Amino acid sequence: MEKSSKKNSLVKWIIIVLALVVFIIGIFAWYYKIKKPHDKAVIEFNSAANKVTELNSNLEQEISDAQSLLDSGEPPYDETTINDLTLAIADANASKRKIPEVPKKTDEIQKATSLLLEPLDYSSAITNIKEKKTALENSILQLKQITNPSGDFVIQRLQGIDGISACQAVTEDHDLNGLLNKQGGYTATIYFSSPLIDQSQVYGNDIVDKGNDGGGAVEVYANQEDAAKRDAYLSSFDGAGVLNPGSHTVLGTLVLRTSSRLTATQQKDLTQKIADKLLELQ
């Protein structure tokens with residue numbers, strides 16, 4: 001009986017030891033085969049996610065700055081610059097790499113990490129946004145530049161234009177139309193003479209006296225509505241012989257005019273040169 005009891009006790013201890021050994025081996029196997037690879041996969045995933053987050057942050061900052069400009073609501077000279085920047089932002093958002101939640105399975109984590117580690121370069125998207133943002137900023141400045149500018153600004157910009165020899169501003173005491181600073185009238189008008197026209201054939205003692213016939217004029221209005229009304233008024237005399245107002249076009253709150261004594265090609269070329277100079281950002 002005593003020997004049998006000792007034998008049974010020994011068997012129990014052996015079973016216990018074996019069970020402990022199996023348990024310990026299982027723990028080690030779980031740790032090295034499952035837990036450690038899983039933890040490593042999570043660490044690598046988070047590292048890859050952090051890199052993508054940093055790159056995304058740079059892109060998002062550019063997007064935010066560009067969106068702030070759009071949200072300012074400041075009107076540009078060229079409306080297409082708004083659409084161009086809006087599309088650049090949309091393209092940048094579409095190109096942004098999304099970071100998923102950490103998957104539960106190790107192999108899925110590893111697959112997700114591999115996707116996050118694929119080459120990622122936002123330089124072209126950032127450059128595109130910056131270029132379109134600059135274009136919109138410049139267009140906003142251009143519109144401000146041609147919105148009721150001073151007569152001095154217009155005179156300064158007319159200097160040196162090929163096809164313009166001299167210019168003179170109207171005053172309340174010397175204004176052929178009598179519209180200076182009146183309601184709906186111009187806030188400034190600068191007449192200019194052109195070497196393309198024989199000035200001896202144009203009546204008048206000075207540039208203002210000769211008026212639009214001597215070369216042309218830049219009429220400045222307080223707002224676009226007044227400029228448009230003036231342009232419509234001039235249109236009613238188009239082709240009316242001695243009353244022909246020459247060419248005329250609206251630029252911002254300005255009406256750019258050229259003499260009827262110029263050819264159509266000369267009118268077009270001179271108008272374009274004047275517009276380019278008034279829009280030029282210096």
# chains A, B, ... in the order shown; residues from 1 in each chain; ligands from 1
>>> residues_around(residues="stretch 141-153 of chain A", least_positions_apart="6", cutoff="8 Å", atoms="only C-alpha atoms", output="NGL selection string")
:A and (75-77 or 169 or 187-190 or 220-223 or 251-254 or 278-281)
>>> write_last_selection(atoms="N, CA, C and O atoms", output="mmCIF file, in the first residue's frame")
data_model
loop_
_atom_site.group_PDB
_atom_site.id
_atom_site.type_symbol
_atom_site.label_atom_id
_atom_site.label_comp_id
_atom_site.auth_asym_id
_atom_site.auth_seq_id
_atom_site.Cartn_x
_atom_site.Cartn_y
_atom_site.Cartn_z
ATOM 1 N N PRO A 75 -12.371 88.943 -54.901
ATOM 2 C CA PRO A 75 -12.543 88.666 -56.331
ATOM 3 C C PRO A 75 -11.247 88.859 -57.117
ATOM 4 O O PRO A 75 -10.487 89.791 -56.854
ATOM 5 N N PRO A 76 -10.996 87.987 -58.080
ATOM 6 C CA PRO A 76 -9.815 88.127 -58.938
ATOM 7 C C PRO A 76 -10.187 88.803 -60.257
ATOM 8 O O PRO A 76 -11.362 88.891 -60.621
ATOM 9 N N TYR A 77 -9.178 89.227 -60.980
ATOM 10 C CA TYR A 77 -9.401 89.761 -62.327
ATOM 11 C C TYR A 77 -9.816 88.613 -63.256
ATOM 12 O O TYR A 77 -10.728 88.754 -64.049
ATOM 13 N N ALA A 169 -3.947 114.715 -67.807
ATOM 14 C CA ALA A 169 -5.161 114.434 -67.042
ATOM 15 C C ALA A 169 -6.139 115.595 -67.131
ATOM 16 O O ALA A 169 -5.735 116.762 -67.201
ATOM 17 N N THR A 187 -13.804 109.345 -62.191
ATOM 18 C CA THR A 187 -13.028 109.935 -61.094
ATOM 19 C C THR A 187 -11.699 110.472 -61.607
ATOM 20 O O THR A 187 -11.012 111.224 -60.905
ATOM 21 N N ALA A 188 -11.334 110.073 -62.814
ATOM 22 C CA ALA A 188 -10.140 110.592 -63.485
ATOM 23 C C ALA A 188 -10.225 110.188 -64.949
ATOM 24 O O ALA A 188 -10.815 109.160 -65.284
ATOM 25 N N THR A 189 -9.665 111.019 -65.801
ATOM 26 C CA THR A 189 -9.514 110.661 -67.214
ATOM 27 C C THR A 189 -8.157 111.163 -67.680
ATOM 28 O O THR A 189 -7.808 112.329 -67.435
ATOM 29 N N ILE A 190 -7.422 110.276 -68.300
ATOM 30 C CA ILE A 190 -6.112 110.618 -68.840
ATOM 31 C C ILE A 190 -6.187 110.473 -70.355
ATOM 32 O O ILE A 190 -6.397 109.383 -70.878
ATOM 33 N N VAL A 220 -11.478 106.553 -65.744
ATOM 34 C CA VAL A 220 -11.528 105.800 -64.484
ATOM 35 C C VAL A 220 -12.870 106.039 -63.797
ATOM 36 O O VAL A 220 -13.283 107.194 -63.616
ATOM 37 N N TYR A 221 -13.528 104.943 -63.397
ATOM 38 C CA TYR A 221 -14.827 105.045 -62.721
ATOM 39 C C TYR A 221 -14.762 104.415 -61.331
ATOM 40 O O TYR A 221 -13.872 103.606 -61.046
ATOM 41 N N ALA A 222 -15.713 104.798 -60.501
ATOM 42 C CA ALA A 222 -15.714 104.325 -59.113
ATOM 43 C C ALA A 222 -16.057 102.847 -59.020
ATOM 44 O O ALA A 222 -15.628 102.158 -58.097
ATOM 45 N N ASN A 223 -16.820 102.344 -59.967
ATOM 46 C CA ASN A 223 -17.233 100.948 -59.927
ATOM 47 C C ASN A 223 -17.447 100.424 -61.339
ATOM 48 O O ASN A 223 -17.469 101.190 -62.314
ATOM 49 N N LEU A 251 -12.116 97.574 -68.635
ATOM 50 C CA LEU A 251 -11.101 96.804 -67.918
ATOM 51 C C LEU A 251 -11.237 97.159 -66.447
ATOM 52 O O LEU A 251 -10.842 98.249 -66.023
ATOM 53 N N GLY A 252 -11.827 96.255 -65.666
ATOM 54 C CA GLY A 252 -12.092 96.576 -64.257
ATOM 55 C C GLY A 252 -13.096 97.690 -64.174
ATOM 56 O O GLY A 252 -14.227 97.569 -64.659
ATOM 57 N N THR A 253 -12.705 98.842 -63.594
ATOM 58 C CA THR A 253 -13.585 100.018 -63.555
ATOM 59 C C THR A 253 -13.070 101.084 -64.514
ATOM 60 O O THR A 253 -13.380 102.263 -64.355
ATOM 61 N N LEU A 254 -12.282 100.650 -65.494
ATOM 62 C CA LEU A 254 -11.718 101.577 -66.474
ATOM 63 C C LEU A 254 -12.378 101.364 -67.836
ATOM 64 O O LEU A 254 -12.814 100.262 -68.166
ATOM 65 N N LEU A 278 -1.392 98.248 -67.417
ATOM 66 C CA LEU A 278 -2.214 98.531 -66.232
ATOM 67 C C LEU A 278 -2.350 97.311 -65.333
ATOM 68 O O LEU A 278 -2.508 97.444 -64.118
ATOM 69 N N LEU A 279 -2.275 96.126 -65.919
ATOM 70 C CA LEU A 279 -2.394 94.884 -65.143
ATOM 71 C C LEU A 279 -1.050 94.397 -64.605
ATOM 72 O O LEU A 279 -1.015 93.512 -63.731
ATOM 73 N N GLU A 280 0.009 94.930 -65.115
ATOM 74 C CA GLU A 280 1.348 94.475 -64.727
ATOM 75 C C GLU A 280 1.594 94.696 -63.241
ATOM 76 O O GLU A 280 1.366 95.778 -62.703
ATOM 77 N N LEU A 281 2.060 93.638 -62.561
ATOM 78 C CA LEU A 281 2.380 93.744 -61.135
ATOM 79 C C LEU A 281 3.861 94.089 -61.010
ATOM 80 O O LEU A 281 4.716 93.352 -61.481
#
>>> residues_around(residues="A:Val255", least_positions_apart="5", cutoff="7 Å", atoms="only C-alpha atoms", output="JSON, numbers by chain")
{"A": [218, 219, 220, 227, 231, 248, 249, 250]}
>>> closest_residue(among="A:Leu18, A:Val102, A:Leu136, A:Ala41", to="A:Gly73", atoms="only C-alpha atoms")
A:Leu136
>>> select_by_dssp(residues="stretch 17-172 of chain A", states="strand (DSSP E or B)", output="list in words")
Ala166, Cys167, Gln168, Ala169 and Thr171 of chain A
>>> closest_residue(among="A:Asn93, A:Thr258, A:Thr81, A:Ser72", to="A:Leu59", atoms="only C-alpha atoms")
A:Asn93
>>> closest_residue(among="A:Gln201, A:Lys229, A:Asp121, A:Gln224", to="A:Glu54", atoms="only C-alpha atoms")
A:Asp121
>>> closest_residue(among="A:Ser47, A:Asn83, A:Thr171, A:Asn205", to="A:Gln67", atoms="only C-alpha atoms")
A:Asn83
>>> select_by_dssp(residues="stretch 151-229 of chain A", states="helix (DSSP H, G or I)", output="ChimeraX atom specification")
/A:151-158,199-201,207-214,224-229
>>> atom_distance(atom1="atom CA of A:Ile89", atom2="atom CA of A:Ser124")
12.2 Å
>>> closest_residue(among="A:Val154, A:Glu101, A:Asn128, A:Lys268", to="A:Thr86", atoms="only C-alpha atoms")
A:Asn128
>>> closest_residue(among="A:Ile14, A:Leu256, A:Val208, A:Val202", to="A:Ala228", atoms="only C-alpha atoms")
A:Leu256
>>> atom_distance(atom1="atom CA of A:Ser200", atom2="atom CA of A:Ser165")
14.3 Å
>>> residues_around(residues="A:Ile99", least_positions_apart="3", cutoff="12 Å", atoms="only C-alpha atoms", output="JSON, numbers by chain")
{"A": [45, 46, 47, 48, 49, 50, 51, 52, 53, 54, 55, 56, 96, 102, 103, 109, 112, 113, 114, 115, 116, 117]}
>>> residues_around(residues="A:Ile129", least_positions_apart="6", cutoff="10 Å", atoms="only C-alpha atoms", output="list of chain:residue names")
A:Leu59, A:Glu62, A:Ile63, A:Asp65, A:Ala66, A:Asp84, A:Leu85, A:Thr86, A:Leu87, A:Ala88, A:Ile89, A:Ala90, A:Asp91, A:Ala92, A:Ser123, A:Ala135
